[in-house]
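Engineer: Please find run.json (JSON, N, CA, C and O atoms) on the next line:
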```json
[["chain", "number", "residue", "atom", "x", "y", "z"],
["A", 1, "MET", "N", 31.61, 24.17, -1.77],
["A", 1, "MET", "CA", 30.36, 24.38, -1.10],
["A", 1, "MET", "C", 29.18, 24.07, -2.02],
["A", 1, "MET", "O", 28.18, 23.54, -1.58],
["A", 2, "SER", "N", 29.32, 24.41, -3.29],
["A", 2, "SER", "CA", 28.22, 24.16, -4.23],
["A", 2, "SER", "C", 28.04, 22.67, -4.48],
["A", 2, "SER", "O", 26.92, 22.22, -4.75],
["A", 3, "LYS", "N", 29.13, 21.89, -4.39],
["A", 3, "LYS", "CA", 29.00, 20.44, -4.55],
["A", 3, "LYS", "C", 28.18, 19.86, -3.40],
["A", 3, "LYS", "O", 27.36, 18.97, -3.61],
["A", 4, "THR", "N", 28.38, 20.36, -2.21],
["A", 4, "THR", "CA", 27.63, 19.88, -1.06],
["A", 4, "THR", "C", 26.15, 20.22, -1.20],
["A", 4, "THR", "O", 25.28, 19.38, -0.93],
["A", 5, "ALA", "N", 25.86, 21.42, -1.64],
["A", 5, "ALA", "CA", 24.47, 21.83, -1.83],
["A", 5, "ALA", "C", 23.81, 20.99, -2.92],
["A", 5, "ALA", "O", 22.65, 20.58, -2.78],
["A", 6, "THR", "N", 24.53, 20.70, -3.98],
["A", 6, "THR", "CA", 24.00, 19.87, -5.06],
["A", 6, "THR", "C", 23.73, 18.46, -4.57],
["A", 6, "THR", "O", 22.69, 17.87, -4.88],
["A", 7, "LEU", "N", 24.66, 17.92, -3.79],
["A", 7, "LEU", "CA", 24.51, 16.57, -3.25],
["A", 7, "LEU", "C", 23.30, 16.50, -2.31],
["A", 7, "LEU", "O", 22.50, 15.57, -2.39],
["A", 8, "LEU", "N", 23.14, 17.50, -1.45],
["A", 8, "LEU", "CA", 22.00, 17.53, -0.53],
["A", 8, "LEU", "C", 20.69, 17.68, -1.29],
["A", 8, "LEU", "O", 19.68, 17.07, -0.94],
["A", 9, "GLY", "N", 20.69, 18.47, -2.34],
["A", 9, "GLY", "CA", 19.49, 18.64, -3.16],
["A", 9, "GLY", "C", 19.10, 17.34, -3.85],
["A", 9, "GLY", "O", 17.93, 16.98, -3.90],
["A", 10, "ALA", "N", 20.09, 16.64, -4.39],
["A", 10, "ALA", "CA", 19.82, 15.35, -5.05],
["A", 10, "ALA", "C", 19.30, 14.32, -4.05],
["A", 10, "ALA", "O", 18.38, 13.56, -4.35],
["A", 11, "LEU", "N", 19.86, 14.32, -2.85],
["A", 11, "LEU", "CA", 19.42, 13.39, -1.81],
["A", 11, "LEU", "C", 17.97, 13.68, -1.42],
["A", 11, "LEU", "O", 17.16, 12.76, -1.28],
["A", 12, "ALA", "N", 17.64, 14.93, -1.26],
["A", 12, "ALA", "CA", 16.26, 15.31, -0.91],
["A", 12, "ALA", "C", 15.29, 14.92, -2.02],
["A", 12, "ALA", "O", 14.18, 14.46, -1.75],
["A", 13, "LEU", "N", 15.71, 15.09, -3.26],
["A", 13, "LEU", "CA", 14.86, 14.71, -4.39],
["A", 13, "LEU", "C", 14.62, 13.21, -4.41],
["A", 13, "LEU", "O", 13.51, 12.75, -4.65],
["A", 14, "MET", "N", 15.66, 12.43, -4.16],
["A", 14, "MET", "CA", 15.52, 10.97, -4.16],
["A", 14, "MET", "C", 14.60, 10.52, -3.03],
["A", 14, "MET", "O", 13.77, 9.63, -3.22],
["A", 15, "LEU", "N", 14.73, 11.13, -1.86],
["A", 15, "LEU", "CA", 13.87, 10.74, -0.75],
["A", 15, "LEU", "C", 12.42, 11.09, -1.02],
["A", 15, "LEU", "O", 11.51, 10.33, -0.70],
["A", 16, "GLY", "N", 12.18, 12.22, -1.64],
["A", 16, "GLY", "CA", 10.82, 12.61, -2.00],
["A", 16, "GLY", "C", 10.21, 11.69, -3.03],
["A", 16, "GLY", "O", 9.05, 11.32, -2.94],
["A", 17, "ALA", "N", 11.00, 11.28, -4.00],
["A", 17, "ALA", "CA", 10.51, 10.38, -5.05],
["A", 17, "ALA", "C", 10.22, 9.00, -4.47],
["A", 17, "ALA", "O", 9.23, 8.37, -4.83],
["A", 18, "SER", "N", 11.06, 8.52, -3.56],
["A", 18, "SER", "CA", 10.82, 7.20, -3.00],
["A", 18, "SER", "C", 9.57, 7.20, -2.13],
["A", 18, "SER", "O", 8.85, 6.21, -2.08],
["A", 19, "ALA", "N", 9.29, 8.30, -1.47],
["A", 19, "ALA", "CA", 8.06, 8.38, -0.67],
["A", 19, "ALA", "C", 6.84, 8.37, -1.57],
["A", 19, "ALA", "O", 5.81, 7.79, -1.24],
["A", 20, "ALA", "N", 6.93, 9.00, -2.73],
["A", 20, "ALA", "CA", 5.81, 9.01, -3.66],
["A", 20, "ALA", "C", 5.56, 7.63, -4.24],
["A", 20, "ALA", "O", 4.42, 7.23, -4.44],
["A", 21, "PHE", "N", 6.62, 6.89, -4.53],
["A", 21, "PHE", "CA", 6.46, 5.56, -5.10],
["A", 21, "PHE", "C", 6.00, 4.55, -4.07],
["A", 21, "PHE", "O", 5.47, 3.52, -4.42],
["A", 22, "ALA", "N", 6.23, 4.82, -2.79],
["A", 22, "ALA", "CA", 5.79, 3.88, -1.76],
["A", 22, "ALA", "C", 4.28, 3.76, -1.78],
["A", 22, "ALA", "O", 3.74, 2.70, -1.51],
["A", 23, "GLY", "N", 3.59, 4.81, -2.13],
["A", 23, "GLY", "CA", 2.15, 4.76, -2.28],
["A", 23, "GLY", "C", 1.44, 4.60, -0.97],
["A", 23, "GLY", "O", 1.89, 3.91, -0.08],
["A", 24, "GLY", "N", 0.32, 5.23, -0.86],
["A", 24, "GLY", "CA", -0.47, 5.13, 0.34],
["A", 24, "GLY", "C", -1.76, 4.40, 0.06],
["A", 24, "GLY", "O", -2.82, 4.86, 0.45],
["A", 25, "TYR", "N", -1.72, 3.31, -0.63],
["A", 25, "TYR", "CA", -2.91, 2.55, -0.95],
["A", 25, "TYR", "C", -3.33, 1.72, 0.24],
["A", 25, "TYR", "O", -2.49, 1.08, 0.88],
["A", 26, "SER", "N", -4.62, 1.73, 0.54],
["A", 26, "SER", "CA", -5.11, 0.96, 1.67],
["A", 26, "SER", "C", -6.54, 0.52, 1.40],
["A", 26, "SER", "O", -7.24, 1.06, 0.55],
["A", 27, "LEU", "N", -6.95, -0.47, 2.15],
["A", 27, "LEU", "CA", -8.30, -0.99, 2.06],
["A", 27, "LEU", "C", -9.15, -0.38, 3.17],
["A", 27, "LEU", "O", -8.68, -0.23, 4.30],
["A", 28, "ASP", "N", -10.39, -0.06, 2.86],
["A", 28, "ASP", "CA", -11.29, 0.39, 3.91],
["A", 28, "ASP", "C", -11.98, -0.83, 4.53],
["A", 28, "ASP", "O", -11.64, -1.97, 4.21],
["A", 29, "ALA", "N", -12.91, -0.60, 5.42],
["A", 29, "ALA", "CA", -13.58, -1.70, 6.12],
["A", 29, "ALA", "C", -14.36, -2.60, 5.18],
["A", 29, "ALA", "O", -14.57, -3.78, 5.47],
["A", 30, "LYS", "N", -14.79, -2.07, 4.04],
["A", 30, "LYS", "CA", -15.56, -2.86, 3.07],
["A", 30, "LYS", "C", -14.66, -3.57, 2.07],
["A", 30, "LYS", "O", -15.13, -4.28, 1.19],
["A", 31, "GLY", "N", -13.34, -3.35, 2.15],
["A", 31, "GLY", "CA", -12.42, -3.99, 1.22],
["A", 31, "GLY", "C", -12.20, -3.22, -0.06],
["A", 31, "GLY", "O", -11.67, -3.75, -1.02],
["A", 32, "THR", "N", -12.62, -1.96, -0.10],
["A", 32, "THR", "CA", -12.44, -1.12, -1.28],
["A", 32, "THR", "C", -11.08, -0.42, -1.20],
["A", 32, "THR", "O", -10.69, 0.07, -0.15],
["A", 33, "CYS", "N", -10.38, -0.37, -2.30],
["A", 33, "CYS", "CA", -9.04, 0.20, -2.35],
["A", 33, "CYS", "C", -9.11, 1.71, -2.53],
["A", 33, "CYS", "O", -9.89, 2.21, -3.35],
["A", 34, "HIS", "N", -8.30, 2.44, -1.75],
["A", 34, "HIS", "CA", -8.22, 3.90, -1.83],
["A", 34, "HIS", "C", -6.76, 4.32, -1.89],
["A", 34, "HIS", "O", -5.90, 3.67, -1.31],
["A", 35, "ASP", "N", -6.50, 5.45, -2.56],
["A", 35, "ASP", "CA", -5.14, 6.00, -2.57],
["A", 35, "ASP", "C", -4.94, 6.88, -1.35],
["A", 35, "ASP", "O", -5.81, 6.98, -0.49],
["A", 36, "GLU", "N", -3.78, 7.54, -1.28],
["A", 36, "GLU", "CA", -3.44, 8.35, -0.11],
["A", 36, "GLU", "C", -4.33, 9.57, 0.06],
["A", 36, "GLU", "O", -4.40, 10.16, 1.13],
["A", 37, "HIS", "N", -5.07, 9.95, -1.00],
["A", 37, "HIS", "CA", -5.97, 11.10, -0.93],
["A", 37, "HIS", "C", -7.42, 10.70, -0.67],
["A", 37, "HIS", "O", -8.29, 11.55, -0.65],
["A", 38, "GLY", "N", -7.66, 9.40, -0.51],
["A", 38, "GLY", "CA", -9.02, 8.91, -0.25],
["A", 38, "GLY", "C", -9.82, 8.59, -1.48],
["A", 38, "GLY", "O", -10.97, 8.17, -1.38],
["A", 39, "LYS", "N", -9.23, 8.78, -2.66],
["A", 39, "LYS", "CA", -9.95, 8.48, -3.90],
["A", 39, "LYS", "C", -9.90, 6.98, -4.17],
["A", 39, "LYS", "O", -8.97, 6.30, -3.77],
["A", 40, "PHE", "N", -10.93, 6.48, -4.86],
["A", 40, "PHE", "CA", -10.96, 5.06, -5.21],
["A", 40, "PHE", "C", -9.77, 4.72, -6.11],
["A", 40, "PHE", "O", -9.37, 5.51, -6.96],
["A", 41, "ALA", "N", -9.22, 3.54, -5.92],
["A", 41, "ALA", "CA", -8.11, 3.07, -6.73],
["A", 41, "ALA", "C", -8.41, 1.64, -7.18],
["A", 41, "ALA", "O", -9.29, 0.98, -6.64],
["A", 42, "LYS", "N", -7.67, 1.19, -8.18],
["A", 42, "LYS", "CA", -7.84, -0.18, -8.65],
["A", 42, "LYS", "C", -7.44, -1.16, -7.55],
["A", 42, "LYS", "O", -6.50, -0.92, -6.81],
["A", 43, "THR", "N", -8.14, -2.27, -7.50],
["A", 43, "THR", "CA", -7.88, -3.28, -6.48],
["A", 43, "THR", "C", -6.46, -3.82, -6.58],
["A", 43, "THR", "O", -5.85, -4.16, -5.56],
["A", 44, "GLU", "N", -5.89, -3.85, -7.78],
["A", 44, "GLU", "CA", -4.54, -4.37, -7.96],
["A", 44, "GLU", "C", -3.52, -3.54, -7.17],
["A", 44, "GLU", "O", -2.48, -4.04, -6.77],
["A", 45, "MET", "N", -3.81, -2.25, -6.96],
["A", 45, "MET", "CA", -2.88, -1.39, -6.24],
["A", 45, "MET", "C", -2.81, -1.79, -4.77],
["A", 45, "MET", "O", -1.79, -1.60, -4.12],
["A", 46, "CYS", "N", -3.87, -2.33, -4.23],
["A", 46, "CYS", "CA", -3.89, -2.74, -2.83],
["A", 46, "CYS", "C", -3.40, -4.18, -2.64],
["A", 46, "CYS", "O", -3.14, -4.60, -1.53],
["A", 47, "LYS", "N", -3.29, -4.91, -3.72],
["A", 47, "LYS", "CA", -2.87, -6.30, -3.60],
["A", 47, "LYS", "C", -1.39, -6.44, -3.28],
["A", 47, "LYS", "O", -0.92, -7.54, -3.08],
["A", 48, "ALA", "N", -0.67, -5.34, -3.19],
["A", 48, "ALA", "CA", 0.73, -5.40, -2.82],
["A", 48, "ALA", "C", 0.90, -5.78, -1.34],
["A", 48, "ALA", "O", 1.97, -6.13, -0.91],
["A", 49, "HIS", "N", -0.20, -5.73, -0.61],
["A", 49, "HIS", "CA", -0.16, -6.11, 0.80],
["A", 49, "HIS", "C", -0.02, -7.62, 0.91],
["A", 49, "HIS", "O", -0.34, -8.36, 0.02],
["A", 50, "LEU", "N", 0.42, -8.05, 2.06],
["A", 50, "LEU", "CA", 0.55, -9.48, 2.33],
["A", 50, "LEU", "C", -0.71, -9.97, 3.03],
["A", 50, "LEU", "O", -1.03, -9.49, 4.10],
["A", 51, "TYR", "N", -1.39, -10.89, 2.41],
["A", 51, "TYR", "CA", -2.60, -11.44, 2.99],
["A", 51, "TYR", "C", -2.36, -12.91, 3.29],
["A", 51, "TYR", "O", -1.77, -13.63, 2.50],
["A", 52, "LYS", "N", -2.84, -13.33, 4.46],
["A", 52, "LYS", "CA", -2.69, -14.73, 4.87],
["A", 52, "LYS", "C", -3.98, -15.20, 5.51],
["A", 52, "LYS", "O", -4.63, -14.44, 6.22],
["A", 53, "ALA", "N", -4.30, -16.47, 5.30],
["A", 53, "ALA", "CA", -5.46, -17.07, 5.94],
["A", 53, "ALA", "C", -5.03, -17.66, 7.28],
["A", 53, "ALA", "O", -3.95, -18.25, 7.39],
["A", 54, "ASP", "N", -5.87, -17.49, 8.28],
["A", 54, "ASP", "CA", -5.56, -18.08, 9.58],
["A", 54, "ASP", "C", -6.00, -19.54, 9.61],
["A", 54, "ASP", "O", -6.42, -20.09, 8.60],
["A", 55, "ALA", "N", -5.91, -20.18, 10.77],
["A", 55, "ALA", "CA", -6.25, -21.59, 10.90],
["A", 55, "ALA", "C", -7.72, -21.86, 10.59],
["A", 55, "ALA", "O", -8.08, -22.95, 10.15],
["A", 56, "LYS", "N", -8.56, -20.87, 10.80],
["A", 56, "LYS", "CA", -9.99, -21.03, 10.53],
["A", 56, "LYS", "C", -10.35, -20.67, 9.10],
["A", 56, "LYS", "O", -11.50, -20.73, 8.71],
["A", 57, "GLY", "N", -9.37, -20.22, 8.32],
["A", 57, "GLY", "CA", -9.59, -19.88, 6.92],
["A", 57, "GLY", "C", -9.99, -18.43, 6.69],
["A", 57, "GLY", "O", -10.33, -18.05, 5.58],
["A", 58, "LYS", "N", -9.96, -17.60, 7.74],
["A", 58, "LYS", "CA", -10.30, -16.19, 7.58],
["A", 58, "LYS", "C", -9.07, -15.43, 7.11],
["A", 58, "LYS", "O", -7.96, -15.70, 7.53],
["A", 59, "CYS", "N", -9.28, -14.49, 6.22],
["A", 59, "CYS", "CA", -8.20, -13.74, 5.59],
["A", 59, "CYS", "C", -7.83, -12.51, 6.41],
["A", 59, "CYS", "O", -8.71, -11.76, 6.86],
["A", 60, "HIS", "N", -6.53, -12.30, 6.61],
["A", 60, "HIS", "CA", -6.02, -11.15, 7.36],
["A", 60, "HIS", "C", -4.91, -10.48, 6.56],
["A", 60, "HIS", "O", -4.17, -11.14, 5.84],
["A", 61, "ASP", "N", -4.78, -9.15, 6.72],
["A", 61, "ASP", "CA", -3.66, -8.45, 6.11],
["A", 61, "ASP", "C", -2.46, -8.48, 7.06],
["A", 61, "ASP", "O", -2.51, -9.12, 8.10],
["A", 62, "GLU", "N", -1.38, -7.77, 6.67],
["A", 62, "GLU", "CA", -0.15, -7.83, 7.46],
["A", 62, "GLU", "C", -0.29, -7.20, 8.84],
["A", 62, "GLU", "O", 0.48, -7.50, 9.75],
["A", 63, "SER", "N", -1.31, -6.36, 9.04],
["A", 63, "SER", "CA", -1.50, -5.76, 10.36],
["A", 63, "SER", "C", -2.47, -6.56, 11.23],
["A", 63, "SER", "O", -2.71, -6.21, 12.37],
["A", 64, "GLY", "N", -3.03, -7.64, 10.68],
["A", 64, "GLY", "CA", -3.92, -8.50, 11.43],
["A", 64, "GLY", "C", -5.39, -8.20, 11.24],
["A", 64, "GLY", "O", -6.25, -8.88, 11.79],
["A", 65, "LYS", "N", -5.71, -7.17, 10.45],
["A", 65, "LYS", "CA", -7.11, -6.81, 10.21],
["A", 65, "LYS", "C", -7.73, -7.80, 9.24],
["A", 65, "LYS", "O", -7.07, -8.31, 8.35],
["A", 66, "LEU", "N", -9.02, -8.06, 9.44],
["A", 66, "LEU", "CA", -9.74, -8.96, 8.53],
["A", 66, "LEU", "C", -9.83, -8.32, 7.14],
["A", 66, "LEU", "O", -9.98, -7.12, 7.01],
["A", 67, "ALA", "N", -9.75, -9.16, 6.13],
["A", 67, "ALA", "CA", -9.84, -8.71, 4.74],
["A", 67, "ALA", "C", -10.76, -9.65, 3.98],
["A", 67, "ALA", "O", -11.13, -10.71, 4.48],
["A", 68, "LYS", "N", -11.14, -9.26, 2.78],
["A", 68, "LYS", "CA", -11.97, -10.11, 1.94],
["A", 68, "LYS", "C", -11.23, -11.42, 1.65],
["A", 68, "LYS", "O", -10.03, -11.43, 1.46],
["A", 69, "ALA", "N", -11.98, -12.50, 1.60],
["A", 69, "ALA", "CA", -11.39, -13.81, 1.32],
["A", 69, "ALA", "C", -10.73, -13.85, -0.06],
["A", 69, "ALA", "O", -9.78, -14.60, -0.27],
["A", 70, "ASP", "N", -11.20, -13.03, -0.98],
["A", 70, "ASP", "CA", -10.63, -13.00, -2.33],
["A", 70, "ASP", "C", -9.15, -12.60, -2.32],
["A", 70, "ASP", "O", -8.40, -13.01, -3.19],
["A", 71, "PHE", "N", -8.74, -11.80, -1.34],
["A", 71, "PHE", "CA", -7.35, -11.35, -1.30],
["A", 71, "PHE", "C", -6.39, -12.48, -0.90],
["A", 71, "PHE", "O", -5.21, -12.42, -1.18],
["A", 72, "CYS", "N", -6.90, -13.50, -0.21],
["A", 72, "CYS", "CA", -6.03, -14.62, 0.20],
["A", 72, "CYS", "C", -5.89, -15.67, -0.88],
["A", 72, "CYS", "O", -5.03, -16.54, -0.78],
["A", 73, "LYS", "N", -6.74, -15.62, -1.91],
["A", 73, "LYS", "CA", -6.65, -16.59, -3.00],
["A", 73, "LYS", "C", -5.55, -16.14, -3.95],
["A", 73, "LYS", "O", -5.46, -14.98, -4.31],
["A", 74, "HIS", "N", -4.75, -17.05, -4.37],
["A", 74, "HIS", "CA", -3.65, -16.70, -5.29],
["A", 74, "HIS", "C", -3.90, -17.28, -6.64],
["A", 74, "HIS", "O", -4.15, -18.19, -7.06]]
```
Translate this structure into structure tokens?

Structural biologist:
Amino acid sequence: MSKTATLLGALALMLGASAAFAGGYSLDAKGTCHDEHGKFAKTEMCKAHLYKADAKGKCHDESGKLAKADFCKH
């Protein structure tokens, strides 16, 4: 029984750690990067998103929202 409890505890710990590493970094409407608590974060933390330019050259993130053109430049 204690092995099962230990295994479940380790699994819960791993899931909690993976959620923390996933990070809640996002861009606001002005293109400023924020963490999951709303505090300012480095722009590099938000660059993990996928940005693509459309046919007209406007930059969009993976959800289709407009983003700064700088994010589409590689």

Engineer: List as a ChimeraX atom specification the protein and nucleic acid residues near stretch 27-36 of chain A, meaning an atom at most 8 Å away when only N, CA, C and O atoms are counted, but skip any in the same chain fewer than 6 places from it.

Structural biologist: /A:42-47,66-68

Engineer: Would you work out the distance separating atom CA of A:Phe40 from atom N of A:Phe71, expressed in Å to one decimal?

Structural biologist: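 Atom-to-atom, atom CA of A:Phe40 to atom N of A:Phe71, that is 17.4 Å.
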
Engineer: To one decimal place, how far is atom O of A:Ser26 from atom O of A:Lys39 in Å?

Structural biologist: 7.0 Å

Engineer: Residues near A:Lys52, anyone? I mean within 8 Å using all atoms listed in the file, not counting same-chain ones fewer than 5 positions away, as a list in words.

Structural biologist: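 Final neighbour list, sorted by chain and number: Gly57, Lys58, Cys59, His60, Asp61, Glu62, Gly64, Lys65, Leu66, Ala67, Lys68, Phe71, Cys72 and Lys73 of chain A.
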
Engineer: State, in Å with one decimal place, the distance from atom CA of A:Ala53 to atom CA of A:Gly24.

Structural biologist: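 Separating atom CA of A:Ala53 from atom CA of A:Gly24 is a distance of 23.4 Å.
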
Engineer: Could you pull out the alpha helix (DSSP H) residues of stretch 19-71 of chain A from DSSP and send them as a ChimeraX atom specification?

Structural biologist: /A:19-22,43-46
